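Text of coords-v6.txt (compact mmCIF, N, CA and C atoms) as supplied:
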# COMPACT_ATOMS: atom_id res chain seq x y z
N MET A 1 83.31 114.94 91.90
CA MET A 1 82.35 115.98 91.73
C MET A 1 82.66 116.81 90.48
N LEU A 2 83.93 117.15 90.31
CA LEU A 2 84.34 117.90 89.13
C LEU A 2 84.07 117.07 87.86
N GLU A 3 84.31 115.77 87.96
CA GLU A 3 84.10 114.91 86.80
C GLU A 3 82.65 114.95 86.34
N GLN A 4 81.71 115.01 87.27
CA GLN A 4 80.30 115.01 86.90
C GLN A 4 79.91 116.24 86.09
N SER A 5 80.53 117.38 86.39
CA SER A 5 80.15 118.61 85.68
C SER A 5 80.92 118.79 84.37
N VAL A 6 82.09 118.17 84.24
CA VAL A 6 82.92 118.35 83.05
C VAL A 6 82.85 117.15 82.11
N ARG A 7 82.50 116.01 82.62
CA ARG A 7 82.55 114.76 81.85
C ARG A 7 81.74 114.82 80.56
N CYS A 8 80.57 115.41 80.60
CA CYS A 8 79.73 115.43 79.39
C CYS A 8 80.41 116.21 78.26
N TYR A 9 81.11 117.28 78.58
CA TYR A 9 81.81 118.05 77.56
C TYR A 9 83.03 117.30 77.04
N TYR A 10 83.78 116.72 77.97
CA TYR A 10 84.95 115.92 77.61
C TYR A 10 84.54 114.77 76.70
N GLN A 11 83.46 114.10 77.08
CA GLN A 11 82.94 112.97 76.30
C GLN A 11 82.53 113.43 74.90
N ALA A 12 81.78 114.50 74.83
CA ALA A 12 81.26 114.98 73.54
C ALA A 12 82.36 115.50 72.61
N ILE A 13 83.37 116.13 73.19
CA ILE A 13 84.40 116.77 72.36
C ILE A 13 85.56 115.84 72.05
N LEU A 14 86.01 115.06 73.02
CA LEU A 14 87.24 114.29 72.85
C LEU A 14 87.05 112.78 72.67
N VAL A 15 85.94 112.24 73.13
CA VAL A 15 85.78 110.78 73.09
C VAL A 15 84.81 110.33 71.99
N ASP A 16 83.62 110.88 71.99
CA ASP A 16 82.59 110.43 71.05
C ASP A 16 83.01 110.52 69.58
N PRO A 17 83.68 111.60 69.15
CA PRO A 17 84.09 111.63 67.74
C PRO A 17 85.02 110.48 67.37
N LEU A 18 85.95 110.12 68.24
CA LEU A 18 86.85 109.01 67.93
C LEU A 18 86.11 107.67 67.97
N VAL A 19 85.17 107.54 68.89
CA VAL A 19 84.36 106.31 68.95
C VAL A 19 83.61 106.12 67.63
N ARG A 20 83.01 107.20 67.12
CA ARG A 20 82.28 107.10 65.84
C ARG A 20 83.24 106.81 64.69
N LEU A 21 84.44 107.39 64.76
CA LEU A 21 85.42 107.19 63.69
C LEU A 21 85.91 105.75 63.62
N ILE A 22 86.24 105.16 64.77
CA ILE A 22 86.78 103.80 64.73
C ILE A 22 85.70 102.74 64.77
N GLY A 23 84.50 103.12 65.20
CA GLY A 23 83.35 102.22 65.13
C GLY A 23 83.62 100.84 65.67
N HIS A 24 83.58 99.84 64.79
CA HIS A 24 83.74 98.44 65.18
C HIS A 24 85.10 97.87 64.79
N ARG A 25 86.02 98.73 64.40
CA ARG A 25 87.31 98.24 63.91
C ARG A 25 88.31 97.92 65.01
N VAL A 26 88.07 98.42 66.21
CA VAL A 26 89.02 98.22 67.31
C VAL A 26 88.29 97.59 68.48
N SER A 27 88.91 96.59 69.08
CA SER A 27 88.34 95.91 70.23
C SER A 27 88.51 96.75 71.50
N PRO A 28 87.45 96.91 72.29
CA PRO A 28 87.58 97.65 73.54
C PRO A 28 88.63 97.04 74.48
N ILE A 29 88.75 95.73 74.46
CA ILE A 29 89.74 95.07 75.34
C ILE A 29 91.16 95.46 74.92
N LYS A 30 91.40 95.59 73.63
CA LYS A 30 92.73 96.02 73.17
C LYS A 30 93.01 97.45 73.63
N VAL A 31 91.99 98.29 73.62
CA VAL A 31 92.15 99.67 74.09
C VAL A 31 92.46 99.66 75.59
N THR A 32 91.78 98.80 76.34
CA THR A 32 92.04 98.68 77.78
C THR A 32 93.48 98.26 78.04
N LEU A 33 93.95 97.27 77.30
CA LEU A 33 95.33 96.80 77.47
C LEU A 33 96.33 97.89 77.09
N LEU A 34 96.03 98.63 76.04
CA LEU A 34 96.91 99.73 75.63
C LEU A 34 96.95 100.82 76.70
N ALA A 35 95.82 101.08 77.34
CA ALA A 35 95.78 102.04 78.44
C ALA A 35 96.71 101.59 79.56
N GLY A 36 96.70 100.29 79.84
CA GLY A 36 97.59 99.75 80.87
C GLY A 36 99.06 99.88 80.50
N VAL A 37 99.37 99.62 79.23
CA VAL A 37 100.76 99.74 78.76
C VAL A 37 101.25 101.17 78.92
N PHE A 38 100.44 102.14 78.50
CA PHE A 38 100.85 103.55 78.63
C PHE A 38 101.02 103.92 80.10
N GLY A 39 100.16 103.39 80.96
CA GLY A 39 100.29 103.68 82.39
C GLY A 39 101.56 103.09 82.98
N ILE A 40 101.91 101.88 82.58
CA ILE A 40 103.12 101.23 83.07
C ILE A 40 104.37 101.95 82.55
N LEU A 41 104.30 102.49 81.35
CA LEU A 41 105.44 103.23 80.79
C LEU A 41 105.80 104.46 81.62
N PHE A 42 104.89 104.89 82.47
CA PHE A 42 105.17 106.00 83.37
C PHE A 42 106.40 105.71 84.22
N ILE A 43 106.57 104.47 84.65
CA ILE A 43 107.68 104.11 85.54
C ILE A 43 109.04 104.37 84.88
N PRO A 44 109.36 103.70 83.76
CA PRO A 44 110.70 103.92 83.20
C PRO A 44 110.92 105.35 82.73
N LEU A 45 109.87 105.99 82.24
CA LEU A 45 110.04 107.37 81.76
C LEU A 45 110.34 108.33 82.90
N LEU A 46 109.65 108.17 84.01
CA LEU A 46 109.92 109.03 85.16
C LEU A 46 111.32 108.77 85.71
N LEU A 47 111.69 107.50 85.78
CA LEU A 47 113.02 107.16 86.29
C LEU A 47 114.13 107.67 85.37
N ALA A 48 113.84 107.77 84.08
CA ALA A 48 114.83 108.28 83.13
C ALA A 48 114.84 109.81 83.07
N GLY A 49 114.02 110.44 83.91
CA GLY A 49 113.98 111.90 83.93
C GLY A 49 113.16 112.50 82.82
N GLN A 50 112.39 111.69 82.13
CA GLN A 50 111.54 112.15 81.02
C GLN A 50 110.15 112.50 81.55
N THR A 51 110.09 113.52 82.38
CA THR A 51 108.85 113.86 83.08
C THR A 51 107.72 114.20 82.12
N VAL A 52 108.01 114.95 81.08
CA VAL A 52 106.95 115.34 80.14
C VAL A 52 106.39 114.11 79.44
N TRP A 53 107.27 113.22 78.98
CA TRP A 53 106.80 111.99 78.31
C TRP A 53 106.06 111.08 79.29
N ALA A 54 106.50 111.06 80.53
CA ALA A 54 105.80 110.27 81.55
C ALA A 54 104.38 110.80 81.72
N LEU A 55 104.23 112.11 81.79
CA LEU A 55 102.90 112.71 81.92
C LEU A 55 102.05 112.48 80.68
N VAL A 56 102.67 112.56 79.51
CA VAL A 56 101.94 112.28 78.25
C VAL A 56 101.39 110.86 78.28
N CYS A 57 102.22 109.91 78.69
CA CYS A 57 101.77 108.51 78.76
C CYS A 57 100.64 108.35 79.78
N LEU A 58 100.74 109.04 80.91
CA LEU A 58 99.70 108.95 81.92
C LEU A 58 98.39 109.55 81.41
N LEU A 59 98.47 110.67 80.71
CA LEU A 59 97.27 111.27 80.12
C LEU A 59 96.67 110.38 79.05
N LEU A 60 97.51 109.78 78.21
CA LEU A 60 97.01 108.85 77.20
C LEU A 60 96.33 107.64 77.85
N SER A 61 96.92 107.16 78.91
CA SER A 61 96.33 106.04 79.64
C SER A 61 94.94 106.40 80.14
N GLY A 62 94.80 107.58 80.72
CA GLY A 62 93.50 108.02 81.21
C GLY A 62 92.49 108.20 80.09
N TYR A 63 92.94 108.77 78.98
CA TYR A 63 92.06 108.95 77.83
C TYR A 63 91.58 107.60 77.30
N LEU A 64 92.52 106.67 77.14
CA LEU A 64 92.16 105.35 76.63
C LEU A 64 91.24 104.61 77.60
N ASP A 65 91.41 104.88 78.90
CA ASP A 65 90.53 104.27 79.89
C ASP A 65 89.09 104.76 79.71
N THR A 66 88.93 106.00 79.31
CA THR A 66 87.59 106.52 79.00
C THR A 66 87.09 105.94 77.68
N LEU A 67 87.98 105.88 76.73
CA LEU A 67 87.62 105.43 75.38
C LEU A 67 87.15 103.98 75.36
N ASP A 68 87.78 103.11 76.13
CA ASP A 68 87.43 101.68 76.06
C ASP A 68 85.98 101.41 76.44
N GLY A 69 85.52 102.04 77.51
CA GLY A 69 84.12 101.84 77.92
C GLY A 69 83.14 102.42 76.92
N SER A 70 83.47 103.60 76.42
CA SER A 70 82.59 104.23 75.42
C SER A 70 82.53 103.38 74.15
N LEU A 71 83.66 102.84 73.77
CA LEU A 71 83.72 101.99 72.59
C LEU A 71 82.92 100.70 72.79
N ALA A 72 83.03 100.11 73.96
CA ALA A 72 82.28 98.89 74.26
C ALA A 72 80.78 99.15 74.21
N ARG A 73 80.35 100.27 74.77
CA ARG A 73 78.92 100.60 74.73
C ARG A 73 78.46 100.89 73.30
N HIS A 74 79.29 101.59 72.53
CA HIS A 74 78.95 101.89 71.13
C HIS A 74 78.80 100.61 70.31
N GLN A 75 79.69 99.65 70.58
CA GLN A 75 79.66 98.40 69.84
C GLN A 75 78.66 97.41 70.43
N ASN A 76 78.01 97.79 71.51
CA ASN A 76 77.13 96.89 72.25
C ASN A 76 77.89 95.61 72.60
N ASN A 77 79.12 95.81 73.09
CA ASN A 77 80.05 94.72 73.30
C ASN A 77 80.64 94.76 74.71
N ALA A 78 79.88 95.28 75.67
CA ALA A 78 80.35 95.31 77.05
C ALA A 78 80.29 93.89 77.61
N THR A 79 81.42 93.45 78.18
CA THR A 79 81.50 92.09 78.72
C THR A 79 82.00 92.13 80.16
N ALA A 80 81.75 91.04 80.87
CA ALA A 80 82.26 90.93 82.24
C ALA A 80 83.79 90.93 82.22
N LEU A 81 84.38 90.23 81.26
CA LEU A 81 85.84 90.21 81.14
C LEU A 81 86.39 91.62 80.92
N GLY A 82 85.76 92.37 80.05
CA GLY A 82 86.20 93.75 79.78
C GLY A 82 86.09 94.62 81.02
N SER A 83 85.02 94.45 81.78
CA SER A 83 84.83 95.24 83.01
C SER A 83 85.90 94.92 84.04
N VAL A 84 86.16 93.63 84.23
CA VAL A 84 87.19 93.23 85.19
C VAL A 84 88.57 93.69 84.74
N LEU A 85 88.86 93.53 83.47
CA LEU A 85 90.15 93.96 82.93
C LEU A 85 90.33 95.47 83.08
N ASP A 86 89.26 96.23 82.86
CA ASP A 86 89.31 97.68 83.01
C ASP A 86 89.66 98.06 84.44
N ILE A 87 89.00 97.43 85.40
CA ILE A 87 89.28 97.71 86.81
C ILE A 87 90.70 97.31 87.18
N MET A 88 91.14 96.17 86.67
CA MET A 88 92.51 95.73 86.94
C MET A 88 93.54 96.70 86.37
N MET A 89 93.32 97.15 85.15
CA MET A 89 94.26 98.09 84.53
C MET A 89 94.28 99.41 85.29
N ASP A 90 93.12 99.84 85.79
CA ASP A 90 93.09 101.06 86.60
C ASP A 90 94.00 100.92 87.81
N ARG A 91 93.91 99.79 88.49
CA ARG A 91 94.75 99.56 89.68
C ARG A 91 96.22 99.43 89.30
N VAL A 92 96.51 98.79 88.16
CA VAL A 92 97.90 98.65 87.70
C VAL A 92 98.50 100.02 87.43
N VAL A 93 97.74 100.89 86.77
CA VAL A 93 98.24 102.23 86.47
C VAL A 93 98.44 103.03 87.75
N GLU A 94 97.47 102.96 88.65
CA GLU A 94 97.63 103.67 89.93
C GLU A 94 98.87 103.19 90.66
N PHE A 95 99.06 101.89 90.71
CA PHE A 95 100.24 101.34 91.38
C PHE A 95 101.52 101.79 90.66
N SER A 96 101.49 101.82 89.35
CA SER A 96 102.67 102.22 88.58
C SER A 96 103.10 103.64 88.93
N VAL A 97 102.14 104.52 89.05
CA VAL A 97 102.45 105.92 89.38
C VAL A 97 103.05 105.99 90.79
N ILE A 98 102.43 105.33 91.73
CA ILE A 98 102.94 105.36 93.11
C ILE A 98 104.31 104.72 93.20
N PHE A 99 104.48 103.60 92.54
CA PHE A 99 105.76 102.88 92.56
C PHE A 99 106.86 103.73 91.93
N ALA A 100 106.54 104.41 90.83
CA ALA A 100 107.53 105.27 90.17
C ALA A 100 107.97 106.39 91.10
N PHE A 101 107.01 107.04 91.76
CA PHE A 101 107.38 108.10 92.70
C PHE A 101 108.24 107.56 93.84
N TYR A 102 107.89 106.38 94.30
CA TYR A 102 108.69 105.75 95.36
C TYR A 102 110.12 105.48 94.87
N LEU A 103 110.25 104.92 93.66
CA LEU A 103 111.57 104.58 93.14
C LEU A 103 112.46 105.80 92.90
N VAL A 104 111.86 106.93 92.59
CA VAL A 104 112.63 108.14 92.36
C VAL A 104 113.41 108.52 93.63
N ASP A 105 112.76 108.41 94.79
CA ASP A 105 113.42 108.73 96.07
C ASP A 105 112.70 107.99 97.19
N PRO A 106 113.09 106.73 97.45
CA PRO A 106 112.38 105.92 98.45
C PRO A 106 112.34 106.54 99.84
N ILE A 107 113.42 107.18 100.25
CA ILE A 107 113.45 107.76 101.59
C ILE A 107 112.44 108.90 101.71
N GLN A 108 112.45 109.80 100.74
CA GLN A 108 111.58 110.96 100.81
C GLN A 108 110.13 110.62 100.47
N HIS A 109 109.89 109.67 99.57
CA HIS A 109 108.53 109.40 99.09
C HIS A 109 107.90 108.15 99.68
N GLY A 110 108.63 107.42 100.52
CA GLY A 110 108.12 106.16 101.05
C GLY A 110 106.81 106.29 101.81
N LEU A 111 106.75 107.23 102.74
CA LEU A 111 105.53 107.41 103.53
C LEU A 111 104.37 107.85 102.64
N ALA A 112 104.64 108.77 101.72
CA ALA A 112 103.59 109.23 100.81
C ALA A 112 103.06 108.07 99.97
N ALA A 113 103.96 107.19 99.52
CA ALA A 113 103.53 106.03 98.71
C ALA A 113 102.61 105.12 99.52
N ILE A 114 102.96 104.87 100.76
CA ILE A 114 102.12 104.02 101.61
C ILE A 114 100.76 104.67 101.83
N LEU A 115 100.75 105.96 102.08
CA LEU A 115 99.49 106.67 102.28
C LEU A 115 98.63 106.67 101.02
N MET A 116 99.25 106.83 99.85
CA MET A 116 98.48 106.79 98.61
C MET A 116 97.91 105.40 98.36
N LEU A 117 98.70 104.37 98.61
CA LEU A 117 98.18 103.00 98.46
C LEU A 117 97.03 102.76 99.44
N GLY A 118 97.19 103.26 100.65
CA GLY A 118 96.11 103.12 101.63
C GLY A 118 94.84 103.82 101.20
N SER A 119 94.98 105.00 100.60
CA SER A 119 93.79 105.73 100.15
C SER A 119 93.09 104.98 99.03
N ILE A 120 93.87 104.34 98.15
CA ILE A 120 93.26 103.55 97.07
C ILE A 120 92.49 102.37 97.67
N LEU A 121 93.10 101.70 98.65
CA LEU A 121 92.41 100.58 99.29
C LEU A 121 91.12 101.03 99.95
N LEU A 122 91.12 102.18 100.59
CA LEU A 122 89.90 102.70 101.21
C LEU A 122 88.85 103.02 100.14
N CYS A 123 89.26 103.61 99.05
CA CYS A 123 88.31 103.98 98.00
C CYS A 123 87.66 102.77 97.34
N ILE A 124 88.41 101.69 97.17
CA ILE A 124 87.82 100.53 96.50
C ILE A 124 87.11 99.60 97.48
N THR A 125 87.18 99.92 98.76
CA THR A 125 86.52 99.08 99.77
C THR A 125 85.09 99.40 99.84

Let me see the structure of the file written as structure tokens.
Amino acid sequence: MLEQSVRCYYQAILVDPLVRLIGHRVSPIKVTLLAGVFGILFIPLLLAGQTVWALVCLLLSGYLDTLDGSLARHQNNATALGSVLDIMMDRVVEFSVIFAFYLVDPIQHGLAAILMLGSILLCIT
């Protein structure tokens, strides 16, 4: 609900200018893969105690996840492969965050990790 009221401003201020700037020079699929890489980097950074860098990577992952679709639409290059890869990377990043929290303290975070994974399964069902 919050996304619906804020998304247009976020898109206009933070995404559209970069989409126009890079135009057709960058593949949306490469942006999707880069979003996944930044999301996965959350695990080692959190485990190394680099909380700020872990959050920066997670925010970059989310930004790139927005950028890839906008870029594909701008380039008129939306594909089934890109859509599937985008959804897969979203799940990989979500799992990475949950797994990292679990690894930090399995005893204390185990139940929360299972509940978060369950909520994701319910949402995508």

Polymer residues at most 10 Å from segment 90-100 of chain A, only C-alpha atoms, same-chain spacing of 3 or more positions, as a PyMOL selection string: chain A and resi 32+35-47+54+58+61-62+65+84-87+103-106+109-110+112-117+120-121+124

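Of the listed residues A:Asn76, A:Thr125, A:Ser70, A:Gln108, the one whose atoms come nearest to Val19 of chain A is A:Ser70, with distances taken using only C-alpha atoms.
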
Gap from atom C of Cys8 of chain A to atom CA of Thr66 of chain A - Å, one decimal: 12.1 Å

Atom N of Thr79 of chain A to atom C of Val26 of chain A, straight-line distance in Å: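 About the pair atom C of Val26 of chain A and atom N of Thr79 of chain A: they are 12.6 Å apart.
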
Taking all atoms of segment 7-20 of chain A that appear in the file, build a box with edges along x, y and z, extend it by 8 Å on every side, and state its centre and edge lengths in Å to one decimal, as AutoDock Vina command-line options.
--center_x 83.5 --center_y 112.1 --center_z 73.7 --size_x 23.5 --size_y 27.9 --size_z 33.9

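The space between atom CA of Ala78 of chain A and atom C of Ser27 of chain A spans 10.0 Å.
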
Would you mind completing segment 110-121 of chain A so that it carries all heavy atoms, and writing it out as a compact mmCIF listing (two decimals), in the frame of the given file?
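Saved as result06.txt:
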# COMPACT_ATOMS: atom_id res chain seq x y z
N GLY A 110 108.63 107.42 100.52
CA GLY A 110 108.12 106.16 101.05
C GLY A 110 106.81 106.29 101.81
O GLY A 110 105.85 105.57 101.55
N LEU A 111 106.75 107.23 102.74
CA LEU A 111 105.53 107.41 103.53
C LEU A 111 104.37 107.85 102.64
O LEU A 111 103.25 107.35 102.77
CB LEU A 111 105.75 108.43 104.65
CG LEU A 111 104.54 108.73 105.52
CD1 LEU A 111 104.05 107.45 106.22
CD2 LEU A 111 104.86 109.81 106.55
N ALA A 112 104.64 108.77 101.72
CA ALA A 112 103.59 109.23 100.81
C ALA A 112 103.06 108.07 99.97
O ALA A 112 101.85 107.97 99.73
CB ALA A 112 104.11 110.35 99.92
N ALA A 113 103.96 107.19 99.52
CA ALA A 113 103.53 106.03 98.71
C ALA A 113 102.61 105.12 99.52
O ALA A 113 101.59 104.66 99.01
CB ALA A 113 104.75 105.26 98.22
N ILE A 114 102.96 104.87 100.76
CA ILE A 114 102.12 104.02 101.61
C ILE A 114 100.76 104.67 101.83
O ILE A 114 99.72 104.01 101.77
CB ILE A 114 102.83 103.72 102.94
CG1 ILE A 114 104.02 102.80 102.70
CG2 ILE A 114 101.86 103.10 103.95
CD1 ILE A 114 104.91 102.61 103.90
N LEU A 115 100.75 105.96 102.08
CA LEU A 115 99.49 106.67 102.28
C LEU A 115 98.63 106.67 101.02
O LEU A 115 97.40 106.51 101.10
CB LEU A 115 99.75 108.10 102.76
CG LEU A 115 100.36 108.22 104.16
CD1 LEU A 115 100.72 109.67 104.46
CD2 LEU A 115 99.42 107.67 105.21
N MET A 116 99.25 106.83 99.85
CA MET A 116 98.48 106.79 98.61
C MET A 116 97.91 105.40 98.36
O MET A 116 96.75 105.26 97.96
CB MET A 116 99.35 107.23 97.42
CG MET A 116 99.58 108.72 97.38
SD MET A 116 100.41 109.27 95.87
CE MET A 116 102.10 108.89 96.26
N LEU A 117 98.70 104.37 98.61
CA LEU A 117 98.18 103.00 98.46
C LEU A 117 97.03 102.76 99.44
O LEU A 117 96.03 102.13 99.09
CB LEU A 117 99.29 101.98 98.68
CG LEU A 117 100.27 101.81 97.53
CD1 LEU A 117 101.44 100.91 97.94
CD2 LEU A 117 99.58 101.26 96.30
N GLY A 118 97.19 103.26 100.65
CA GLY A 118 96.11 103.12 101.63
C GLY A 118 94.84 103.82 101.20
O GLY A 118 93.74 103.30 101.37
N SER A 119 94.98 105.00 100.60
CA SER A 119 93.79 105.73 100.15
C SER A 119 93.09 104.98 99.03
O SER A 119 91.86 104.97 98.95
CB SER A 119 94.16 107.15 99.72
OG SER A 119 94.89 107.15 98.52
N ILE A 120 93.87 104.34 98.15
CA ILE A 120 93.26 103.55 97.07
C ILE A 120 92.49 102.37 97.67
O ILE A 120 91.37 102.07 97.26
CB ILE A 120 94.34 103.06 96.08
CG1 ILE A 120 94.89 104.23 95.28
CG2 ILE A 120 93.77 102.00 95.14
CD1 ILE A 120 96.11 103.91 94.46
N LEU A 121 93.10 101.70 98.65
CA LEU A 121 92.41 100.58 99.29
C LEU A 121 91.12 101.03 99.95
O LEU A 121 90.08 100.35 99.85
CB LEU A 121 93.32 99.93 100.34
CG LEU A 121 94.47 99.12 99.79
CD1 LEU A 121 95.42 98.69 100.91
CD2 LEU A 121 93.96 97.90 99.04
